[in-house]
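Novice: So that you have it, the file is target.cif, and it contains mmCIF, C-alpha atoms:
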```cif
data_model
loop_
_atom_site.group_PDB
_atom_site.id
_atom_site.type_symbol
_atom_site.label_atom_id
_atom_site.label_comp_id
_atom_site.auth_asym_id
_atom_site.auth_seq_id
_atom_site.Cartn_x
_atom_site.Cartn_y
_atom_site.Cartn_z
ATOM 1 C CA GLY A 1450 97.214 5.663 32.973
ATOM 2 C CA LYS A 1451 99.177 5.762 29.721
ATOM 3 C CA ILE A 1452 96.461 3.911 27.780
ATOM 4 C CA ASP A 1453 93.816 6.297 29.138
ATOM 5 C CA LEU A 1454 95.958 9.277 28.158
ATOM 6 C CA THR A 1455 96.478 7.952 24.627
ATOM 7 C CA MET A 1456 92.788 7.157 24.198
ATOM 8 C CA SER A 1457 91.818 10.588 25.525
ATOM 9 C CA LEU A 1458 94.139 12.311 23.074
ATOM 10 C CA ARG A 1459 92.714 10.261 20.196
ATOM 11 C CA ALA A 1460 89.155 11.022 21.293
ATOM 12 C CA SER A 1461 90.022 14.721 21.531
ATOM 13 C CA MET A 1462 91.484 14.746 18.023
ATOM 14 C CA LEU A 1463 88.468 12.882 16.628
ATOM 15 C CA GLY A 1464 86.123 15.278 18.421
ATOM 16 C CA LEU A 1465 88.015 18.271 17.038
ATOM 17 C CA ALA A 1466 87.855 16.836 13.512
ATOM 18 C CA LEU A 1467 84.089 16.266 13.819
ATOM 19 C CA VAL A 1468 83.577 19.796 15.136
ATOM 20 C CA LEU A 1469 85.574 21.239 12.221
ATOM 21 C CA LEU A 1470 83.439 19.303 9.743
ATOM 22 C CA PHE A 1471 80.215 20.324 11.502
ATOM 23 C CA MET A 1472 81.150 24.009 11.407
ATOM 24 C CA MET A 1473 81.902 23.877 7.668
ATOM 25 C CA PHE A 1474 78.768 21.886 6.874
ATOM 26 C CA VAL A 1475 76.324 24.024 8.859
ATOM 27 C CA TYR A 1476 77.872 27.498 8.586
ATOM 28 C CA ARG A 1477 79.640 27.177 5.224
ATOM 29 C CA LEU A 1478 82.179 29.970 4.711
ATOM 30 C CA PRO A 1479 82.033 31.472 8.230
ATOM 31 C CA GLY A 1480 82.321 27.922 9.573
ATOM 32 C CA PHE A 1481 85.481 27.409 7.551
ATOM 33 C CA LEU A 1482 86.862 30.722 8.822
ATOM 34 C CA ALA A 1483 85.965 29.709 12.383
ATOM 35 C CA ASP A 1484 87.797 26.433 11.772
ATOM 36 C CA VAL A 1485 90.914 28.368 10.760
ATOM 37 C CA ALA A 1486 90.558 30.489 13.910
ATOM 38 C CA LEU A 1487 90.073 27.300 15.940
ATOM 39 C CA LEU A 1488 93.326 25.915 14.539
ATOM 40 C CA VAL A 1489 95.007 29.192 15.543
ATOM 41 C CA TYR A 1490 93.498 28.654 18.994
ATOM 42 C CA VAL A 1491 94.902 25.110 19.188
ATOM 43 C CA ALA A 1492 98.337 26.391 18.139
ATOM 44 C CA MET A 1493 98.167 29.119 20.797
ATOM 45 C CA MET A 1494 97.239 26.576 23.480
ATOM 46 C CA LEU A 1495 99.944 24.125 22.469
ATOM 47 C CA GLY A 1496 102.449 26.999 22.358
ATOM 48 C CA LEU A 1497 101.447 28.065 25.873
ATOM 49 C CA LEU A 1498 101.703 24.524 27.207
ATOM 50 C CA ALA A 1499 105.110 24.072 25.560
ATOM 51 C CA ALA A 1500 106.384 27.429 26.880
ATOM 52 C CA ALA A 1501 105.168 26.551 30.398
ATOM 53 C CA HIS A 1502 106.751 23.066 30.118
ATOM 54 C CA ALA A 1503 103.378 21.706 31.174
ATOM 55 C CA THR A 1504 102.649 18.003 31.255
ATOM 56 C CA LEU A 1505 99.289 17.282 29.706
ATOM 57 C CA THR A 1506 97.344 15.022 32.076
ATOM 58 C CA LEU A 1507 93.824 13.630 31.714
ATOM 59 C CA PRO A 1508 92.284 16.566 33.627
ATOM 60 C CA GLY A 1509 94.374 18.956 31.528
ATOM 61 C CA ILE A 1510 93.054 17.348 28.346
ATOM 62 C CA ALA A 1511 89.518 17.682 29.737
ATOM 63 C CA GLY A 1512 90.067 21.407 30.327
ATOM 64 C CA PHE A 1513 91.474 21.781 26.827
ATOM 65 C CA VAL A 1514 88.514 19.974 25.234
ATOM 66 C CA LEU A 1515 86.012 21.966 27.282
ATOM 67 C CA SER A 1516 87.605 25.226 26.161
ATOM 68 C CA ILE A 1517 87.409 24.042 22.526
ATOM 69 C CA GLY A 1518 83.694 23.630 23.146
ATOM 70 C CA MET A 1519 83.569 27.209 24.416
ATOM 71 C CA ALA A 1520 85.273 28.416 21.233
ATOM 72 C CA VAL A 1521 82.820 26.564 19.006
ATOM 73 C CA ASP A 1522 79.851 27.740 21.065
ATOM 74 C CA ALA A 1523 80.955 31.359 20.672
ATOM 75 C CA ASN A 1524 81.107 31.007 16.898
ATOM 76 C CA VAL A 1525 77.724 29.266 16.779
ATOM 77 C CA LEU A 1526 76.138 32.142 18.717
ATOM 78 C CA ILE A 1527 77.709 34.702 16.388
ATOM 79 C CA PHE A 1528 76.829 32.901 13.150
ATOM 80 C CA GLU A 1529 73.255 32.225 14.203
ATOM 81 C CA ARG A 1530 72.910 35.901 15.008
ATOM 82 C CA ILE A 1531 74.248 36.803 11.549
ATOM 83 C CA LYS A 1532 71.666 34.457 9.989
ATOM 84 C CA GLU A 1533 68.892 36.142 11.985
ATOM 85 C CA GLU A 1534 70.022 39.544 10.756
ATOM 86 C CA LEU A 1535 70.020 38.319 7.149
ATOM 87 C CA TRP A 1536 66.551 36.822 7.628
ATOM 88 C CA ALA A 1537 65.481 40.242 8.933
ATOM 89 C CA GLY A 1538 66.495 41.733 5.593
ATOM 90 C CA LYS A 1539 69.787 43.406 6.463
ATOM 91 C CA THR A 1540 72.621 43.608 3.978
ATOM 92 C CA LEU A 1541 75.494 41.209 4.505
ATOM 93 C CA ARG A 1542 77.750 43.955 5.871
ATOM 94 C CA ALA A 1543 75.089 45.129 8.307
ATOM 95 C CA ALA A 1544 74.234 41.549 9.305
ATOM 96 C CA VAL A 1545 77.872 40.754 10.101
ATOM 97 C CA ARG A 1546 78.354 43.983 12.038
ATOM 98 C CA THR A 1547 75.126 43.576 14.007
ATOM 99 C CA GLY A 1548 75.526 39.819 14.443
ATOM 100 C CA PHE A 1549 78.944 40.130 16.047
ATOM 101 C CA SER A 1550 77.806 43.094 18.124
ATOM 102 C CA ARG A 1551 74.631 41.495 19.464
ATOM 103 C CA ALA A 1552 76.251 38.126 20.146
ATOM 104 C CA PHE A 1553 79.185 39.706 21.992
ATOM 105 C CA THR A 1554 77.418 40.062 25.343
ATOM 106 C CA ALA A 1555 76.398 36.400 25.493
ATOM 107 C CA VAL A 1556 79.833 35.260 24.303
ATOM 108 C CA PHE A 1557 81.667 37.507 26.750
ATOM 109 C CA ASP A 1558 79.440 36.585 29.705
ATOM 110 C CA SER A 1559 79.805 32.840 29.161
ATOM 111 C CA HIS A 1560 83.561 33.096 28.735
ATOM 112 C CA PHE A 1561 84.011 35.470 31.674
ATOM 113 C CA THR A 1562 82.113 33.229 34.090
ATOM 114 C CA THR A 1563 84.130 30.209 32.958
ATOM 115 C CA ILE A 1564 87.381 32.166 33.370
ATOM 116 C CA VAL A 1565 86.378 33.194 36.904
ATOM 117 C CA GLY A 1566 85.414 29.613 37.788
ATOM 118 C CA ALA A 1567 88.675 28.260 36.388
ATOM 119 C CA GLY A 1568 90.619 30.926 38.296
ATOM 120 C CA VAL A 1569 88.952 29.953 41.569
ATOM 121 C CA LEU A 1570 89.602 26.266 40.872
ATOM 122 C CA TYR A 1571 93.260 27.021 40.195
ATOM 123 C CA MET A 1572 93.690 29.110 43.352
ATOM 124 C CA LEU A 1573 91.889 26.690 45.669
ATOM 125 C CA GLY A 1574 92.531 23.380 43.937
ATOM 126 C CA THR A 1575 95.444 21.007 44.260
ATOM 127 C CA GLY A 1576 97.218 18.587 41.930
ATOM 128 C CA THR A 1577 95.238 17.545 38.897
ATOM 129 C CA VAL A 1578 92.474 20.061 39.625
ATOM 130 C CA LYS A 1579 95.045 22.800 38.999
ATOM 131 C CA GLY A 1580 95.963 21.219 35.661
ATOM 132 C CA PHE A 1581 92.311 21.174 34.631
ATOM 133 C CA ALA A 1582 91.824 24.759 35.797
ATOM 134 C CA TYR A 1583 94.999 25.966 34.045
ATOM 135 C CA THR A 1584 94.051 24.592 30.632
ATOM 136 C CA LEU A 1585 90.421 25.654 31.056
ATOM 137 C CA PHE A 1586 91.420 29.190 32.083
ATOM 138 C CA TRP A 1587 93.870 29.830 29.249
ATOM 139 C CA GLY A 1588 91.823 27.872 26.735
ATOM 140 C CA THR A 1589 88.791 30.017 27.489
ATOM 141 C CA VAL A 1590 90.837 33.239 27.264
ATOM 142 C CA PHE A 1591 92.244 32.159 23.899
ATOM 143 C CA SER A 1592 88.797 30.999 22.803
ATOM 144 C CA LEU A 1593 87.363 34.450 23.471
ATOM 145 C CA VAL A 1594 90.187 36.114 21.554
ATOM 146 C CA THR A 1595 89.890 33.823 18.544
ATOM 147 C CA ALA A 1596 86.077 33.986 18.332
ATOM 148 C CA VAL A 1597 85.715 37.723 18.872
ATOM 149 C CA PHE A 1598 88.801 39.032 17.103
ATOM 150 C CA ILE A 1599 90.334 36.466 14.748
ATOM 151 C CA THR A 1600 87.122 35.025 13.292
ATOM 152 C CA ARG A 1601 85.710 38.536 12.994
ATOM 153 C CA PHE A 1602 88.854 39.716 11.216
ATOM 154 C CA PHE A 1603 88.517 36.904 8.664
ATOM 155 C CA VAL A 1604 84.798 37.477 8.079
ATOM 156 C CA ASP A 1605 85.209 41.269 7.869
ATOM 157 C CA LEU A 1606 88.080 40.866 5.418
ATOM 158 C CA LEU A 1607 85.861 38.934 3.001
ATOM 159 C CA VAL A 1608 82.693 40.973 3.479
ATOM 160 C CA GLU A 1609 84.245 44.430 3.417
ATOM 161 C CA ASN A 1610 86.179 43.597 0.245
ATOM 162 C CA ASP A 1611 83.108 42.055 -1.446
ATOM 163 C CA VAL A 1612 84.934 38.742 -1.854
ATOM 164 C CA ALA A 1613 82.094 36.509 -0.643
ATOM 165 C CA THR A 1614 78.672 38.139 -0.634
ATOM 166 C CA ASN A 1615 76.324 35.313 -1.594
ATOM 167 C CA PRO A 1616 74.031 34.518 1.394
ATOM 168 C CA ALA A 1617 74.323 30.794 0.585
ATOM 169 C CA LEU A 1618 77.977 31.025 1.640
ATOM 170 C CA TYR A 1619 76.707 32.031 5.100
ATOM 171 C CA GLY A 1620 74.310 29.130 5.493
ATOM 172 C CA ILE A 1621 71.022 30.576 4.231
ATOM 173 C CA LYS A 1622 69.276 30.417 0.879
ATOM 174 C CA PRO A 1623 69.095 33.680 -1.094
ATOM 175 C CA GLU A 1624 65.277 33.514 -1.065
ATOM 176 C CA GLU A 1625 65.350 33.432 2.761
ATOM 177 C CA VAL A 1626 67.007 36.859 2.988
ATOM 178 C CA GLY A 1627 64.405 39.197 4.469
ATOM 179 C CA VAL A 1628 61.919 36.429 5.242
ATOM 180 C CA PHE A 1629 61.322 37.831 8.756
ATOM 181 C CA ALA A 1630 60.938 41.369 7.395
ATOM 182 C CA ALA A 1631 58.375 40.168 4.832
ATOM 183 C CA LYS A 1632 56.330 38.406 7.534
ATOM 184 C CA ALA A 1633 56.376 41.490 9.753
ATOM 185 C CA GLY A 1634 55.079 43.634 6.886
ATOM 186 C CA ALA A 1635 52.289 41.206 5.971
#
```
Please, can you express the file's structure as structure tokens?
Specialist:
Amino acid sequence: GKIDLTMSLRASMLGLALVLLFMMFVYRLPGFLADVALLVYVAMMLGLLAAAHATLTLPGIAGFVLSIGMAVDANVLIFERIKEELWAGKTLRAAVRTGFSRAFTAVFDSHFTTIVGAGVLYMLGTGTVKGFAYTLFWGTVFSLVTAVFITRFFVDLLVENDVATNPALYGIKPEEVGVFAAKAGA
């Protein structure tokens, strides 16, 4: 049991580190900002678990890791949408605004269904199933908050203040801006 728990925690930390690197490599600046939001998410989860005097078991770690995946998935959906808007020829401000707006439904729906499933598991489950459901439920709630509000706050702060406006910082080459609009007009 204890060896499995230690190995699971190490695997979780390694997985988190790889995800952080992936986000920065693929999504550049927004990926870095999402990483900061993800660290806020981890702090929120650890704070909740400490306040609840929860014991982190293997199923609890699994719920935690799964909810980290939800947080990353939400940011991927949003950032890909922003790229699509830039490829369509929108300005960076418009692309960010539209990207977050259009990705919101998919992000909210996926998180909401996971929250409902975790809630049902918690209400009907026993023992370790409740631990899994508890961390999955709160992790998914915090994931939604960090992806939709915290990451957006960071991105808006930079874009609205013209701090980082180069499309390359958002994962696309400057010559790719408007590539979809140019094809539609041809």
Novice: How far is it from atom CA of Lys1532 of chain A to atom CA of Leu1488 of chain A, in Å with one decimal?
Specialist: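 Taking atom CA of Lys1532 of chain A as the start and atom CA of Leu1488 of chain A as the end point, the length is 23.7 Å.
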Novice: Quick one: pull the distance between atom CA of Phe1602 of chain A and atom CA of Val1628 of chain A, Å, one decimal.
Specialist: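 For atom CA of Phe1602 of chain A relative to atom CA of Val1628 of chain A, the distance reads 27.8 Å.
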Novice: Excluding Ala1483 of chain A and residues on its chain fewer than 6 positions from it, collect all residues at most 9 Å away from it, counting only C-alpha atoms, and give them as number ranges by chain.
Specialist: A: 1469, 1472-1473, 1520-1521, 1524, 1595-1596, 1599-1601, 1603-1604
Novice: Which protein, DNA or RNA residues have an atom at most 9 Å from (81.8, 43.2, 7.5), counting all atoms listed in the file? List them as an mmCIF file with C-alpha atoms, in the frame of the given file.
Specialist:
```
data_model
loop_
_atom_site.group_PDB
_atom_site.id
_atom_site.type_symbol
_atom_site.label_atom_id
_atom_site.label_comp_id
_atom_site.auth_asym_id
_atom_site.auth_seq_id
_atom_site.Cartn_x
_atom_site.Cartn_y
_atom_site.Cartn_z
ATOM 1 C CA LEU A 1541 75.494 41.209 4.505
ATOM 2 C CA ARG A 1542 77.750 43.955 5.871
ATOM 3 C CA ALA A 1543 75.089 45.129 8.307
ATOM 4 C CA ALA A 1544 74.234 41.549 9.305
ATOM 5 C CA VAL A 1545 77.872 40.754 10.101
ATOM 6 C CA ARG A 1546 78.354 43.983 12.038
ATOM 7 C CA ARG A 1601 85.710 38.536 12.994
ATOM 8 C CA PHE A 1602 88.854 39.716 11.216
ATOM 9 C CA VAL A 1604 84.798 37.477 8.079
ATOM 10 C CA ASP A 1605 85.209 41.269 7.869
ATOM 11 C CA LEU A 1606 88.080 40.866 5.418
ATOM 12 C CA LEU A 1607 85.861 38.934 3.001
ATOM 13 C CA VAL A 1608 82.693 40.973 3.479
ATOM 14 C CA GLU A 1609 84.245 44.430 3.417
ATOM 15 C CA ASN A 1610 86.179 43.597 0.245
#
```
Novice: Which residues match the PyMOL selection byres ((chain A and resi 1534) around 8) in the file above, as a list in words?
Specialist: Arg1530, Ile1531, Lys1532, Glu1533, Leu1535, Trp1536, Ala1537, Gly1538, Lys1539, Ala1543, Ala1544, Val1545, Thr1547 and Gly1548 of chain A
Novice: Between atom CA of Val1594 of chain A and atom CA of Phe1557 of chain A, what is the distance, to one decimal in Å?
Specialist: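 Computing the Euclidean distance for atom CA of Val1594 of chain A and atom CA of Phe1557 of chain A yields 10.1 Å.
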Novice: Between A:Ile1510, A:Ala1486, A:Phe1629, A:Leu1498, single out the one closest to Arg1459 of chain A, counting all atoms listed in the file.
Specialist: A:Ile1510
Novice: With distances taken over only C-alpha atoms, which residue among A:Ala1500, A:Gly1574, A:Leu1478, A:Ile1517 lies nearest Ala1466 of chain A?
Specialist: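 Ranked by minimum distance to Ala1466 of chain A, first place goes to A:Ile1517.
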Novice: Pick out the closest residue to Ser1516 of chain A from this set: A:Val1578, A:Ile1452, A:Met1494, A:Ala1501. Count all atoms listed in the file.
Specialist: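 Of A:Val1578, A:Ile1452, A:Met1494, A:Ala1501, the one nearest Ser1516 of chain A is A:Met1494, counting all atoms listed in the file.
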Novice: Could you check which of A:Asp1453, A:Leu1593, A:Leu1458, A:Phe1481 is closest to Asp1558 of chain A, using only C-alpha atoms?
Specialist: A:Leu1593
Novice: Return as a PDB file with C-alpha atoms, in the frame of the given file the set of residues that the PyMOL selection byres ((chain A and resi 1620-1624) around 9) yields on the displayed structure.
Specialist:
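And here is the file that came out, part_7.pdb:
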```
ATOM      1  CA  PHE A1474      78.768  21.886   6.874  1.00  0.00           C
ATOM      2  CA  VAL A1475      76.324  24.024   8.859  1.00  0.00           C
ATOM      3  CA  TYR A1476      77.872  27.498   8.586  1.00  0.00           C
ATOM      4  CA  ARG A1477      79.640  27.177   5.224  1.00  0.00           C
ATOM      5  CA  LEU A1478      82.179  29.970   4.711  1.00  0.00           C
ATOM      6  CA  PRO A1479      82.033  31.472   8.230  1.00  0.00           C
ATOM      7  CA  PHE A1528      76.829  32.901  13.150  1.00  0.00           C
ATOM      8  CA  LYS A1532      71.666  34.457   9.989  1.00  0.00           C
ATOM      9  CA  LEU A1535      70.020  38.319   7.149  1.00  0.00           C
ATOM     10  CA  TRP A1536      66.551  36.822   7.628  1.00  0.00           C
ATOM     11  CA  ASN A1615      76.324  35.313  -1.594  1.00  0.00           C
ATOM     12  CA  PRO A1616      74.031  34.518   1.394  1.00  0.00           C
ATOM     13  CA  ALA A1617      74.323  30.794   0.585  1.00  0.00           C
ATOM     14  CA  LEU A1618      77.977  31.025   1.640  1.00  0.00           C
ATOM     15  CA  TYR A1619      76.707  32.031   5.100  1.00  0.00           C
ATOM     16  CA  GLU A1625      65.350  33.432   2.761  1.00  0.00           C
ATOM     17  CA  VAL A1626      67.007  36.859   2.988  1.00  0.00           C
ATOM     18  CA  GLY A1627      64.405  39.197   4.469  1.00  0.00           C
ATOM     19  CA  VAL A1628      61.919  36.429   5.242  1.00  0.00           C
TER      20      VAL A1628
END
```
Novice: Could you list, as a count of residues only, every residue matched by the PyMOL selection byres ((chain A and resi 1454) around 12) in this structure?
Specialist: 19
Novice: Considering only C-alpha atoms, state which residue in the set A:Gly1566, A:Gly1512, A:Ala1499, A:Met1462 is at the smallest distance from Gly1580 of chain A.
Specialist: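 Among the listed residues, the smallest separation from Gly1580 of chain A belongs to A:Gly1512.
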Novice: Kindly compute an axis-aligned box around the listed atoms of segment 1475-1485 of chain A, allowing 4 Å on each side, and express its centre and edge lengths in Å to one decimal as lines of an AutoDock Vina configuration file.
Specialist:
```
center_x = 83.6
center_y = 27.7
center_z = 8.5
size_x = 22.6
size_y = 15.4
size_z = 15.7
```
Novice: Would you kindly place N, CA, C and O atoms on segment 1562-1575 of chain A and return the model as an mmCIF file, in the frame of the given file?
Specialist:
```cif
data_model
loop_
_atom_site.group_PDB
_atom_site.id
_atom_site.type_symbol
_atom_site.label_atom_id
_atom_site.label_comp_id
_atom_site.auth_asym_id
_atom_site.auth_seq_id
_atom_site.Cartn_x
_atom_site.Cartn_y
_atom_site.Cartn_z
ATOM 1 N N THR A 1562 82.475 34.058 32.932
ATOM 2 C CA THR A 1562 82.113 33.229 34.090
ATOM 3 C C THR A 1562 82.956 31.956 34.137
ATOM 4 O O THR A 1562 83.335 31.507 35.218
ATOM 5 N N THR A 1563 83.265 31.393 32.985
ATOM 6 C CA THR A 1563 84.130 30.209 32.958
ATOM 7 C C THR A 1563 85.546 30.566 33.401
ATOM 8 O O THR A 1563 86.190 29.809 34.141
ATOM 9 N N ILE A 1564 86.047 31.716 32.966
ATOM 10 C CA ILE A 1564 87.381 32.166 33.370
ATOM 11 C C ILE A 1564 87.438 32.364 34.877
ATOM 12 O O ILE A 1564 88.399 31.943 35.544
ATOM 13 N N VAL A 1565 86.414 32.989 35.447
ATOM 14 C CA VAL A 1565 86.378 33.194 36.904
ATOM 15 C C VAL A 1565 86.345 31.847 37.621
ATOM 16 O O VAL A 1565 87.099 31.620 38.576
ATOM 17 N N GLY A 1566 85.491 30.938 37.172
ATOM 18 C CA GLY A 1566 85.414 29.613 37.788
ATOM 19 C C GLY A 1566 86.730 28.867 37.708
ATOM 20 O O GLY A 1566 87.176 28.249 38.687
ATOM 21 N N ALA A 1567 87.377 28.926 36.543
ATOM 22 C CA ALA A 1567 88.675 28.260 36.388
ATOM 23 C C ALA A 1567 89.726 28.909 37.281
ATOM 24 O O ALA A 1567 90.572 28.215 37.863
ATOM 25 N N GLY A 1568 89.669 30.225 37.416
ATOM 26 C CA GLY A 1568 90.619 30.926 38.296
ATOM 27 C C GLY A 1568 90.460 30.507 39.746
ATOM 28 O O GLY A 1568 91.447 30.269 40.455
ATOM 29 N N VAL A 1569 89.214 30.393 40.189
ATOM 30 C CA VAL A 1569 88.952 29.953 41.569
ATOM 31 C C VAL A 1569 89.429 28.514 41.758
ATOM 32 O O VAL A 1569 90.059 28.180 42.771
ATOM 33 N N LEU A 1570 89.135 27.654 40.796
ATOM 34 C CA LEU A 1570 89.602 26.266 40.872
ATOM 35 C C LEU A 1570 91.127 26.203 40.961
ATOM 36 O O LEU A 1570 91.684 25.413 41.725
ATOM 37 N N TYR A 1571 91.798 27.026 40.189
ATOM 38 C CA TYR A 1571 93.260 27.021 40.195
ATOM 39 C C TYR A 1571 93.797 27.499 41.543
ATOM 40 O O TYR A 1571 94.737 26.923 42.089
ATOM 41 N N MET A 1572 93.204 28.553 42.078
ATOM 42 C CA MET A 1572 93.690 29.110 43.352
ATOM 43 C C MET A 1572 93.411 28.184 44.525
ATOM 44 O O MET A 1572 94.231 28.071 45.439
ATOM 45 N N LEU A 1573 92.273 27.512 44.528
ATOM 46 C CA LEU A 1573 91.889 26.690 45.669
ATOM 47 C C LEU A 1573 92.153 25.199 45.474
ATOM 48 O O LEU A 1573 92.155 24.446 46.444
ATOM 49 N N GLY A 1574 92.351 24.796 44.230
ATOM 50 C CA GLY A 1574 92.531 23.380 43.937
ATOM 51 C C GLY A 1574 93.956 22.911 44.189
ATOM 52 O O GLY A 1574 94.872 23.696 44.448
ATOM 53 N N THR A 1575 94.116 21.606 44.117
ATOM 54 C CA THR A 1575 95.444 21.007 44.260
ATOM 55 C C THR A 1575 95.640 19.989 43.136
ATOM 56 O O THR A 1575 94.680 19.521 42.513
#
```
